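Text of start19.pdb (PDB, C-alpha atoms) as supplied:
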ATOM      1  CA  MET A   1       0.000   0.000   0.000
ATOM      2  CA  ARG A   2       1.153   3.540  -0.831
ATOM      3  CA  ARG A   3       0.142   6.378   1.460
ATOM      4  CA  ILE A   4      -0.086  10.050   0.474
ATOM      5  CA  LEU A   5      -0.500  13.146   2.646
ATOM      6  CA  THR A   6      -1.749  16.395   1.080
ATOM      7  CA  ILE A   7      -2.190  19.760   2.819
ATOM      8  CA  ASP A   8      -4.123  22.729   1.402
ATOM      9  CA  GLY A   9      -3.173  26.379   1.403
ATOM     10  CA  GLY A  10      -4.766  28.771   3.875
ATOM     11  CA  GLY A  11      -2.333  31.215   5.500
ATOM     12  CA  ILE A  12      -2.259  31.183   9.289
ATOM     13  CA  LYS A  13      -5.051  28.596   9.184
ATOM     14  CA  GLY A  14      -2.225  26.127   8.554
ATOM     15  CA  VAL A  15      -2.255  25.879  12.350
ATOM     16  CA  PHE A  16      -5.223  23.526  11.947
ATOM     17  CA  PRO A  17      -3.539  20.748   9.896
ATOM     18  CA  ALA A  18      -0.277  21.214  11.812
ATOM     19  CA  ALA A  19      -2.108  20.684  15.133
ATOM     20  CA  LEU A  20      -4.081  17.744  13.746
ATOM     21  CA  LEU A  21      -0.890  16.006  12.626
ATOM     22  CA  ALA A  22       0.866  16.889  15.889
ATOM     23  CA  GLU A  23      -1.937  15.263  17.892
ATOM     24  CA  ILE A  24      -1.743  12.071  15.819
ATOM     25  CA  GLU A  25       2.023  12.175  16.242
ATOM     26  CA  ASP A  26       1.618  12.342  20.024
ATOM     27  CA  TRP A  27      -0.686   9.315  19.822
ATOM     28  CA  LEU A  28       1.835   7.426  17.674
ATOM     29  CA  GLY A  29       4.827   8.376  19.759
ATOM     30  CA  GLU A  30       6.776   8.702  16.490
ATOM     31  CA  PRO A  31       7.271  11.332  13.761
ATOM     32  CA  ILE A  32       4.271  11.267  11.456
ATOM     33  CA  HIS A  33       6.329  11.697   8.293
ATOM     34  CA  ASP A  34       7.594   8.121   8.700
ATOM     35  CA  TYR A  35       4.172   6.835   7.634
ATOM     36  CA  PHE A  36       3.812   8.485   4.218
ATOM     37  CA  ASP A  37       5.346   7.705   0.824
ATOM     38  CA  LEU A  38       4.519  11.077  -0.761
ATOM     39  CA  ILE A  39       3.767  14.478   0.781
ATOM     40  CA  ALA A  40       2.230  17.388  -1.141
ATOM     41  CA  GLY A  41       1.403  20.866   0.108
ATOM     42  CA  THR A  42       0.389  24.239  -1.280
ATOM     43  CA  SER A  43       1.221  27.643   0.201
ATOM     44  CA  THR A  44       1.070  27.295   4.006
ATOM     45  CA  GLY A  45       0.526  23.567   3.439
ATOM     46  CA  GLY A  46       3.697  23.622   1.359
ATOM     47  CA  ILE A  47       5.643  24.947   4.337
ATOM     48  CA  ILE A  48       4.354  22.088   6.486
ATOM     49  CA  ALA A  49       5.053  19.567   3.721
ATOM     50  CA  ILE A  50       8.642  20.793   3.332
ATOM     51  CA  GLY A  51       9.262  20.525   7.054
ATOM     52  CA  LEU A  52       7.859  17.006   7.261
ATOM     53  CA  ALA A  53       9.791  15.882   4.170
ATOM     54  CA  LEU A  54      13.002  17.216   5.755
ATOM     55  CA  GLY A  55      12.363  15.064   8.812
ATOM     56  CA  GLN A  56      10.870  17.604  11.190
ATOM     57  CA  THR A  57       7.950  16.631  13.376
ATOM     58  CA  ALA A  58       4.449  18.017  13.049
ATOM     59  CA  GLY A  59       4.891  19.414  16.531
ATOM     60  CA  GLU A  60       7.889  21.426  15.337
ATOM     61  CA  MET A  61       5.891  22.773  12.414
ATOM     62  CA  LEU A  62       3.074  23.784  14.766
ATOM     63  CA  GLN A  63       5.610  25.589  16.921
ATOM     64  CA  LEU A  64       6.835  27.498  13.849
ATOM     65  CA  TYR A  65       3.364  29.002  13.474
ATOM     66  CA  LYS A  66       3.018  29.796  17.159
ATOM     67  CA  GLU A  67       6.461  31.348  17.446
ATOM     68  CA  HIS A  68       6.615  33.294  14.177
ATOM     69  CA  GLY A  69       2.973  33.832  13.167
ATOM     70  CA  PRO A  70       2.606  37.242  14.890
ATOM     71  CA  ALA A  71       5.747  38.547  13.167
ATOM     72  CA  ILE A  72       4.765  37.179   9.746
ATOM     73  CA  PHE A  73       1.250  38.651  10.001
ATOM     74  CA  PRO A  74       1.703  41.766  12.168
ATOM     75  CA  ALA A  75      -1.269  43.888  13.143
ATOM     76  CA  ARG A  76      -1.838  46.732  10.688
ATOM     77  CA  LYS A  77      -3.238  50.210  11.196
ATOM     78  CA  VAL A  78      -6.277  51.423   9.293
ATOM     79  CA  THR A  79      -4.012  53.380   6.963
ATOM     80  CA  SER A  80      -2.483  50.073   5.828
ATOM     81  CA  SER A  81      -5.725  49.286   3.986
ATOM     82  CA  LEU A  82      -4.987  52.197   1.681
ATOM     83  CA  ARG A  83      -1.375  51.093   1.215
ATOM     84  CA  ARG A  84      -2.586  47.639   0.211
ATOM     85  CA  LEU A  85      -4.063  49.146  -2.936
ATOM     86  CA  LEU A  86      -0.497  49.824  -4.088
ATOM     87  CA  ARG A  87       1.687  47.338  -2.204
ATOM     88  CA  ALA A  88       1.554  43.858  -0.710
ATOM     89  CA  LYS A  89       0.066  43.781   2.772
ATOM     90  CA  TYR A  90       3.078  42.017   4.320
ATOM     91  CA  GLY A  91       6.797  41.791   3.627
ATOM     92  CA  PHE A  92       8.781  38.588   3.157
ATOM     93  CA  GLU A  93      11.555  39.214   5.676
ATOM     94  CA  PRO A  94       9.851  37.827   8.852
ATOM     95  CA  LEU A  95       8.778  34.725   6.915
ATOM     96  CA  ARG A  96      12.241  34.322   5.428
ATOM     97  CA  GLN A  97      13.767  34.531   8.901
ATOM     98  CA  ALA A  98      11.312  31.943  10.227
ATOM     99  CA  LEU A  99      12.067  29.523   7.383
ATOM    100  CA  THR A 100      15.804  30.071   7.735
ATOM    101  CA  LYS A 101      15.629  29.287  11.428
ATOM    102  CA  SER A 102      13.572  26.167  10.774
ATOM    103  CA  PHE A 103      15.139  24.827   7.556
ATOM    104  CA  GLY A 104      18.609  26.382   7.426
ATOM    105  CA  ASP A 105      20.392  26.150   4.083
ATOM    106  CA  ARG A 106      19.026  22.742   3.149
ATOM    107  CA  ARG A 107      17.898  21.942  -0.367
ATOM    108  CA  VAL A 108      15.105  19.852  -1.834
ATOM    109  CA  GLY A 109      17.622  17.040  -2.250
ATOM    110  CA  HIS A 110      17.913  16.788   1.539
ATOM    111  CA  CYS A 111      14.283  15.666   1.824
ATOM    112  CA  GLY A 112      13.799  12.141   3.075
ATOM    113  CA  LYS A 113      10.314  11.866   1.571
ATOM    114  CA  ARG A 114       8.921  12.398  -1.909
ATOM    115  CA  LEU A 115       7.657  15.968  -2.077
ATOM    116  CA  LEU A 116       5.391  18.080  -4.331
ATOM    117  CA  VAL A 117       4.963  21.853  -3.864
ATOM    118  CA  PRO A 118       3.122  23.888  -6.538
ATOM    119  CA  ALA A 119       3.723  27.523  -7.505
ATOM    120  CA  LEU A 120       3.022  29.732 -10.524
ATOM    121  CA  ASP A 121       5.957  31.095 -12.556
ATOM    122  CA  LEU A 122       5.047  34.511 -13.961
ATOM    123  CA  ALA A 123       8.259  34.706 -15.997
ATOM    124  CA  SER A 124       7.399  31.659 -18.104
ATOM    125  CA  GLU A 125       3.638  32.071 -17.634
ATOM    126  CA  ARG A 126       3.401  28.424 -16.607
ATOM    127  CA  VAL A 127       2.349  26.468 -13.566
ATOM    128  CA  TYR A 128       5.251  24.853 -11.763
ATOM    129  CA  ILE A 129       5.575  21.976  -9.317
ATOM    130  CA  TYR A 130       8.720  21.672  -7.218
ATOM    131  CA  LYS A 131       9.583  17.997  -6.831
ATOM    132  CA  THR A 132      12.128  15.775  -5.189
ATOM    133  CA  ALA A 133      14.203  13.559  -7.492
ATOM    134  CA  HIS A 134      11.757  10.660  -7.277
ATOM    135  CA  HIS A 135      12.017   9.968 -11.029
ATOM    136  CA  PRO A 136      15.127   9.861 -13.254
ATOM    137  CA  SER A 137      13.829  12.799 -15.330
ATOM    138  CA  LEU A 138      13.647  15.123 -12.308
ATOM    139  CA  VAL A 139      17.108  16.677 -12.489
ATOM    140  CA  ARG A 140      16.397  20.278 -11.509
ATOM    141  CA  ASP A 141      14.634  20.897  -8.235
ATOM    142  CA  TYR A 142      16.659  18.741  -5.874
ATOM    143  CA  ARG A 143      19.365  21.421  -6.009
ATOM    144  CA  VAL A 144      16.987  24.288  -5.121
ATOM    145  CA  PRO A 145      17.094  25.715  -1.545
ATOM    146  CA  VAL A 146      13.900  24.791   0.287
ATOM    147  CA  ILE A 147      13.544  28.390   1.461
ATOM    148  CA  ASP A 148      13.061  29.414  -2.181
ATOM    149  CA  VAL A 149      10.418  26.723  -2.574
ATOM    150  CA  GLY A 150       8.613  27.901   0.537
ATOM    151  CA  LEU A 151       8.646  31.581  -0.435
ATOM    152  CA  ALA A 152       7.509  30.741  -3.974
ATOM    153  CA  THR A 153       4.465  28.728  -2.923
ATOM    154  CA  VAL A 154       3.252  31.253  -0.303
ATOM    155  CA  ALA A 155       3.638  34.437  -2.391
ATOM    156  CA  ALA A 156      -0.088  35.176  -2.367
ATOM    157  CA  PRO A 157      -0.936  38.262  -4.452
ATOM    158  CA  THR A 158      -1.889  41.290  -2.292
ATOM    159  CA  TYR A 159      -0.547  39.513   0.822
ATOM    160  CA  PHE A 160       3.130  38.963  -0.108
ATOM    161  CA  PRO A 161       5.441  40.220  -2.864
ATOM    162  CA  ILE A 162       6.341  38.145  -5.904
ATOM    163  CA  HIS A 163       9.219  35.806  -5.063
ATOM    164  CA  LEU A 164      12.162  36.344  -7.391
ATOM    165  CA  SER A 165      14.804  33.614  -7.595
ATOM    166  CA  GLU A 166      17.305  32.220 -10.071
ATOM    167  CA  GLU A 167      14.591  29.885 -11.359
ATOM    168  CA  GLY A 168      11.866  32.444 -12.053
ATOM    169  CA  ALA A 169       9.292  34.889 -10.663
ATOM    170  CA  TYR A 170       6.828  32.972  -8.516
ATOM    171  CA  VAL A 171       3.478  33.557  -6.874
ATOM    172  CA  ASP A 172       1.295  31.407  -4.647
ATOM    173  CA  GLY A 173       0.491  27.876  -5.797
ATOM    174  CA  SER A 174      -3.023  28.440  -4.436
ATOM    175  CA  LEU A 175      -3.831  30.353  -7.612
ATOM    176  CA  TRP A 176      -4.227  27.022  -9.389
ATOM    177  CA  ALA A 177      -3.808  24.244  -6.822
ATOM    178  CA  ARG A 178      -4.899  25.384  -3.387
ATOM    179  CA  ASN A 179      -5.916  21.774  -2.787
ATOM    180  CA  PRO A 180      -2.983  19.645  -4.093
ATOM    181  CA  LEU A 181      -4.903  16.376  -3.798
ATOM    182  CA  ALA A 182      -5.288  15.799  -7.543
ATOM    183  CA  LEU A 183      -1.645  16.723  -8.213
ATOM    184  CA  ALA A 184      -0.454  14.092  -5.770
ATOM    185  CA  VAL A 185      -2.709  11.353  -7.130
ATOM    186  CA  VAL A 186      -1.716  12.093 -10.738
ATOM    187  CA  GLU A 187       1.965  12.067  -9.739
ATOM    188  CA  ALA A 188       1.532   8.763  -7.942
ATOM    189  CA  ILE A 189      -0.135   7.052 -10.894
ATOM    190  CA  GLY A 190       1.369   8.848 -13.883
ATOM    191  CA  VAL A 191       4.975   9.440 -12.765
ATOM    192  CA  LEU A 192       5.662   6.972  -9.981
ATOM    193  CA  GLY A 193       3.609   4.200 -11.577
ATOM    194  CA  TRP A 194       1.833   3.164  -8.395
ATOM    195  CA  ALA A 195      -1.212   0.946  -8.784
ATOM    196  CA  ARG A 196      -4.309   3.040  -8.149
ATOM    197  CA  GLU A 197      -5.963   0.358  -6.033
ATOM    198  CA  GLU A 198      -2.985   0.461  -3.643
ATOM    199  CA  ILE A 199      -3.132   4.226  -3.018
ATOM    200  CA  ARG A 200      -4.593   5.761   0.141
ATOM    201  CA  VAL A 201      -4.728   9.541   0.571
ATOM    202  CA  LEU A 202      -5.118  11.674   3.682
ATOM    203  CA  SER A 203      -6.164  15.136   2.461
ATOM    204  CA  LEU A 204      -6.141  17.979   4.989
ATOM    205  CA  GLY A 205      -7.756  21.349   4.415
ATOM    206  CA  CYS A 206      -7.136  24.466   6.490
ATOM    207  CA  THR A 207     -10.826  24.450   7.467
ATOM    208  CA  SER A 208     -13.541  25.542   5.042
ATOM    209  CA  ARG A 209     -16.411  27.988   4.842
ATOM    210  CA  HIS A 210     -19.524  28.360   2.740
ATOM    211  CA  LEU A 211     -19.661  30.838  -0.123
ATOM    212  CA  GLU A 212     -21.802  33.719   1.070
ATOM    213  CA  ILE A 213     -23.265  34.662  -2.295
ATOM    214  CA  PRO A 214     -27.031  35.341  -2.434
ATOM    215  CA  TRP A 215     -27.534  33.473  -5.706
ATOM    216  CA  GLU A 216     -31.143  32.653  -4.832
ATOM    217  CA  LYS A 217     -32.065  36.311  -5.283
ATOM    218  CA  ARG A 218     -31.294  35.965  -9.006
ATOM    219  CA  VAL A 219     -29.388  39.247  -9.007
ATOM    220  CA  SER A 220     -26.966  40.017 -11.836
ATOM    221  CA  PHE A 221     -23.835  41.103  -9.971
ATOM    222  CA  GLY A 222     -21.109  43.221 -11.553
ATOM    223  CA  ALA A 223     -17.366  43.740 -11.133
ATOM    224  CA  SER A 224     -17.706  45.661  -7.871
ATOM    225  CA  TYR A 225     -19.359  42.624  -6.268
ATOM    226  CA  TRP A 226     -17.325  39.824  -7.818
ATOM    227  CA  GLY A 227     -13.975  41.578  -7.520
ATOM    228  CA  ALA A 228     -13.759  40.870  -3.790
ATOM    229  CA  ARG A 229     -15.147  37.333  -4.043
ATOM    230  CA  ILE A 230     -13.997  35.759  -7.275
ATOM    231  CA  ALA A 231     -10.731  34.384  -5.840
ATOM    232  CA  GLU A 232     -12.677  32.523  -3.146
ATOM    233  CA  VAL A 233     -15.027  31.110  -5.783
ATOM    234  CA  PHE A 234     -12.126  29.958  -7.975
ATOM    235  CA  MET A 235     -10.369  28.270  -5.047
ATOM    236  CA  LYS A 236     -13.550  26.556  -3.902
ATOM    237  CA  ALA A 237     -14.088  25.265  -7.436
ATOM    238  CA  GLN A 238     -10.483  24.078  -7.741
ATOM    239  CA  SER A 239     -10.688  22.173  -4.474
ATOM    240  CA  SER A 240     -13.960  20.537  -5.471
ATOM    241  CA  SER A 241     -12.428  19.580  -8.822
ATOM    242  CA  ALA A 242      -9.334  18.121  -7.133
ATOM    243  CA  ILE A 243     -11.450  15.987  -4.817
ATOM    244  CA  ALA A 244     -13.624  14.742  -7.692
ATOM    245  CA  MET A 245     -10.562  13.851  -9.789
ATOM    246  CA  ALA A 246      -8.961  11.954  -6.923
ATOM    247  CA  HIS A 247     -12.169  10.057  -6.268
ATOM    248  CA  THR A 248     -12.337   9.075  -9.935
ATOM    249  CA  LEU A 249      -8.697   7.985 -10.116
ATOM    250  CA  VAL A 250      -8.321   5.995  -6.896
ATOM    251  CA  GLY A 251     -11.884   5.596  -5.613
ATOM    252  CA  SER A 252     -13.721   7.710  -3.073
ATOM    253  CA  HIS A 253     -13.229   5.006  -0.429
ATOM    254  CA  ASN A 254      -9.458   5.534  -0.643
ATOM    255  CA  VAL A 255      -9.532   9.328  -0.125
ATOM    256  CA  PHE A 256      -9.917  10.627   3.428
ATOM    257  CA  ARG A 257     -10.663  14.348   3.535
ATOM    258  CA  ILE A 258     -10.626  16.421   6.745
ATOM    259  CA  SER A 259     -11.554  20.111   6.506
ATOM    260  CA  PRO A 260     -14.294  21.060   8.966
ATOM    261  CA  ASP A 261     -16.750  23.853   8.236
ATOM    262  CA  THR A 262     -15.881  26.959  10.246
ATOM    263  CA  THR A 263     -18.162  29.484   8.556
ATOM    264  CA  SER A 264     -19.485  30.724  11.891
ATOM    265  CA  GLN A 265     -15.980  31.375  13.286
ATOM    266  CA  ASN A 266     -14.898  33.572  10.359
ATOM    267  CA  PHE A 267     -11.246  32.485  10.427
ATOM    268  CA  THR A 268      -9.099  34.549   8.048
ATOM    269  CA  LEU A 269      -5.803  33.921   6.244
ATOM    270  CA  ASP A 270      -3.933  36.323   8.523
ATOM    271  CA  GLY A 271      -6.052  36.219  11.688
ATOM    272  CA  ILE A 272      -3.386  35.310  14.243
ATOM    273  CA  ARG A 273      -5.857  35.862  17.088
ATOM    274  CA  HIS A 274      -7.555  32.626  16.045
ATOM    275  CA  MET A 275      -4.469  30.433  16.403
ATOM    276  CA  PRO A 276      -5.503  28.935  19.782
ATOM    277  CA  GLU A 277      -8.932  28.030  18.381
ATOM    278  CA  LEU A 278      -7.407  26.513  15.260
ATOM    279  CA  GLU A 279      -5.010  24.416  17.328
ATOM    280  CA  ALA A 280      -7.793  23.172  19.595
ATOM    281  CA  LEU A 281      -9.931  22.337  16.567
ATOM    282  CA  GLY A 282      -7.077  20.461  14.902
ATOM    283  CA  ARG A 283      -6.374  18.358  17.967
ATOM    284  CA  ASP A 284     -10.058  17.606  18.446
ATOM    285  CA  GLU A 285     -10.480  16.517  14.814
ATOM    286  CA  ALA A 286      -7.424  14.278  15.145
ATOM    287  CA  MET A 287      -8.812  12.444  18.148
ATOM    288  CA  ARG A 288     -12.101  11.869  16.339
ATOM    289  CA  ALA A 289     -10.345  10.591  13.215
ATOM    290  CA  ILE A 290      -7.722   8.321  14.748
ATOM    291  CA  ASP A 291     -10.017   5.311  15.009
ATOM    292  CA  ASP A 292     -10.797   5.506  11.285
ATOM    293  CA  LEU A 293      -7.291   6.398  10.132
ATOM    294  CA  GLY A 294      -5.122   4.320  12.432
ATOM    295  CA  ASP A 295      -5.211   0.957  10.683
ATOM    296  CA  ILE A 296      -5.079   2.537   7.223
ATOM    297  CA  PHE A 297      -2.245   5.039   7.564
ATOM    298  CA  PHE A 298      -0.384   4.303  10.782
ATOM    299  CA  ALA A 299      -0.108   0.537  11.191
ATOM    300  CA  THR A 300       3.439   0.310   9.795
ATOM    301  CA  PRO A 301       6.015   2.885   8.638
ATOM    302  CA  ALA A 302       6.357   3.590   4.918
ATOM    303  CA  ALA A 303       9.240   2.182   2.885
ATOM    304  CA  ARG A 304      12.424   4.222   2.789
ATOM    305  CA  PHE A 305      12.672   6.755  -0.044
ATOM    306  CA  ALA A 306      15.721   6.423  -2.333
ATOM    307  CA  PRO A 307      16.013   9.453  -4.668
ATOM    308  CA  CYS A 308      17.208   9.001  -8.239
ATOM    309  CA  HIS A 309      19.704  11.865  -7.891
ATOM    310  CA  ARG A 310      21.621  12.962  -4.809
ATOM    311  CA  LEU A 311      23.321  16.187  -3.821
ATOM    312  CA  ASP A 312      26.510  14.376  -2.869
ATOM    313  CA  GLU A 313      26.899  12.627  -6.205
ATOM    314  CA  ASP A 314      30.237  13.225  -7.914
ATOM    315  CA  ARG A 315      28.871  14.181 -11.290
ATOM    316  CA  PRO A 316      29.278  17.170 -13.621
ATOM    317  CA  SER A 317      26.722  19.915 -13.341
ATOM    318  CA  LEU A 318      23.802  19.399 -15.690
ATOM    319  CA  PRO A 319      22.290  22.289 -17.614
ATOM    320  CA  LEU A 320      18.994  23.227 -16.061
ATOM    321  CA  PRO A 321      16.027  22.327 -18.286
ATOM    322  CA  PRO A 322      13.319  24.909 -18.926
ATOM    323  CA  ALA A 323      11.003  25.547 -15.999
ATOM    324  CA  GLY A 324       7.689  23.735 -16.058
ATOM    325  CA  ILE A 325       5.899  20.677 -14.803
ATOM    326  CA  ALA A 326       7.821  18.229 -16.953
ATOM    327  CA  ALA A 327      11.137  19.635 -15.825
ATOM    328  CA  ALA A 328      10.169  20.160 -12.202
TER     329      ALA A 328
END

Translate this file's structure into structure tokens.
Amino acid sequence: MRRILTIDGGGIKGVFPAALLAEIEDWLGEPIHDYFDLIAGTSTGGIIAIGLALGQTAGEMLQLYKEHGPAIFPARKVTSSLRRLLRAKYGFEPLRQALTKSFGDRRVGHCGKRLLVPALDLASERVYIYKTAHHPSLVRDYRVPVIDVGLATVAAPTYFPIHLSEEGAYVDGSLWARNPLALAVVEAIGVLGWAREEIRVLSLGCTSRHLEIPWEKRVSFGASYWGARIAEVFMKAQSSSAIAMAHTLVGSHNVFRISPDTTSQNFTLDGIRHMPELEALGRDEAMRAIDDLGDIFFATPAARFAPCHRLDEDRPSLPLPPAGIAAA
């Protein structure tokens, strides 16, 4: 059996999946990353996925949010709302410092688990998926610093600046894959060649909320209405599409989705005041799910990952292929 973990984007709401995994980890008494063959994450979920793939515990990733969240999403004055019309709401430096403290100078090739992290490259105008060297054709990303991967996948327009690196100009992977569930399943079947009947997926959202659009009134809304809501609609549609695709490819009985409805709580992407509630919710959801998930995902550790290319290989430098999914 092959086990996959996927984690959605959602800003500071990443506290929820981090706490959920930390609670299961406490129950196991072992690092949770040992039990998965492939880990995929977008935006804040990408940060968690990188940490787990590097061998950090879910508890350590939860602590990253608790320790650095207030600095990454500092309180803003009313005048900042006007500045946001011209500039990103937050700067990258506090996040960069947090990732540097947590990940150091390690590269994708240091990951001990197969990893997928999506972003969008504005320079090439193409979607991009950072990947470990889990296939012979993947000769590029294992040399990329994980800090660059993290900054690329979280560069949400209006919240953070565009991330410029040697590889390209990147913005948040949530623009096309906020829920990376379908990406992971396609990678498992199409690239890794895993049998679909052997795949089990644990898909974690950063909580969810209903679309508050009064469609029943049959009103024809214009740009002023949709401008503030269209991104939420697109992301909701993408997540629904990802879930449907995964169900079709591996069977709905093999996909386990946890993303509780929190419409009434009004959690926001940068609402650090809600971190205690998100942690409590994550731990509570974990305890309720353990009975169903235990025998499926946590009975025995996953097989050891052996990458096709290693950072310590004595081999001449290869020219980097063009950026894009196939070259990721």

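Relative to atom CA of A:Gly173, atom CA of A:Thr153 is found at 5.0 Å.
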
Mind dumping a table of every stretch 210-315 of chain A residue within 12 Å of stretch 112-117 of chain A, with the nearest atom pair and its distance in Å to one decimal, using all atoms listed in the file, sorted by chain and rising number, as CSV?
residue,atom,partner,partner_atom,distance
A:Ala302,CA,A:Lys113,CA,9.8
A:Ala303,CA,A:Lys113,CA,9.8
A:Arg304,CA,A:Lys113,CA,8.0
A:Phe305,CA,A:Lys113,CA,5.9
A:Ala306,CA,A:Gly112,CA,8.1
A:Pro307,CA,A:Arg114,CA,8.2
A:Cys308,CA,A:Arg114,CA,11.0
A:Arg310,CA,A:Gly112,CA,11.1

Nearest residue to A:Ala19 from the set A:Ile147, A:Leu95, A:Leu269, A:Ala280 (distances using all atoms listed in the file):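 Nearest to A:Ala19: A:Ala280.
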
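Picked out by the PyMOL selection byres ((chain A and resi 66) around 12) when it runs on this file: A:Ile12, A:Lys13, A:Gly14, A:Val15, A:Phe16, A:Ala18, A:Ala19, A:Gly59, A:Glu60, A:Met61, A:Leu62, A:Gln63, A:Leu64, A:Tyr65, A:Glu67, A:His68, A:Gly69, A:Pro70, A:Ala71, A:Ile72, A:Phe73, A:Ala98, A:Ile272, A:Arg273, A:His274, A:Met275, A:Pro276, A:Leu278, A:Glu279.
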
Output of the PyMOL selection byres ((chain A and resi 91) around 12), listed as a ChimeraX atom specification: /A:71-74,84,87-90,92-97,151,154-163

Two-atom distance - atom CA of A:Trp194, atom CA of A:Ile4 (Å): 11.4 Å

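For the structure in this document, the set picked by the PyMOL selection byres ((chain A and resi 233-250) around 8) is Ser174, Leu175, Trp176, Ala177, Arg178, Asn179, Pro180, Leu181, Ala182, Leu183, Val185, Arg196, Glu197, Ile199, Arg200, Leu211, Arg229, Ile230, Ala231, Glu232, Gly251, Ser252, His253, Asn254 and Val255 of chain A.
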
Two-atom distance - atom CA of A:Arg257, atom CA of A:Ser203 (Å): 4.7 Å

Spatial neighbours of A:Thr207, max dist 10 Å, all atoms listed in the file, sep filter under 6 positions, as JSON, numbers by chain: {"A": [8, 9, 10, 13, 14, 15, 16, 17, 258, 259, 260, 261, 262, 263, 267, 278, 281, 282]}

Residue among A:Glu166, A:Ile7, A:Ala195, A:Asp148 lying closest to A:Thr44, counting all atoms listed in the file: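 Of A:Glu166, A:Ile7, A:Ala195, A:Asp148, the one nearest A:Thr44, counting all atoms listed in the file, is A:Ile7.
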
Among the residues A:Leu192, A:Met287, A:Ala169, A:Ala58, the one that comes closest to A:Ser124 [using only C-alpha atoms]: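 Among the listed residues, the smallest separation from A:Ser124 belongs to A:Ala169.
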
Counting all atoms listed in the file, the option among A:Leu202, A:Gly104, A:Ala299, A:Gly109 closest to A:Tyr142: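 Of all the options, A:Gly109 lies closest to A:Tyr142.
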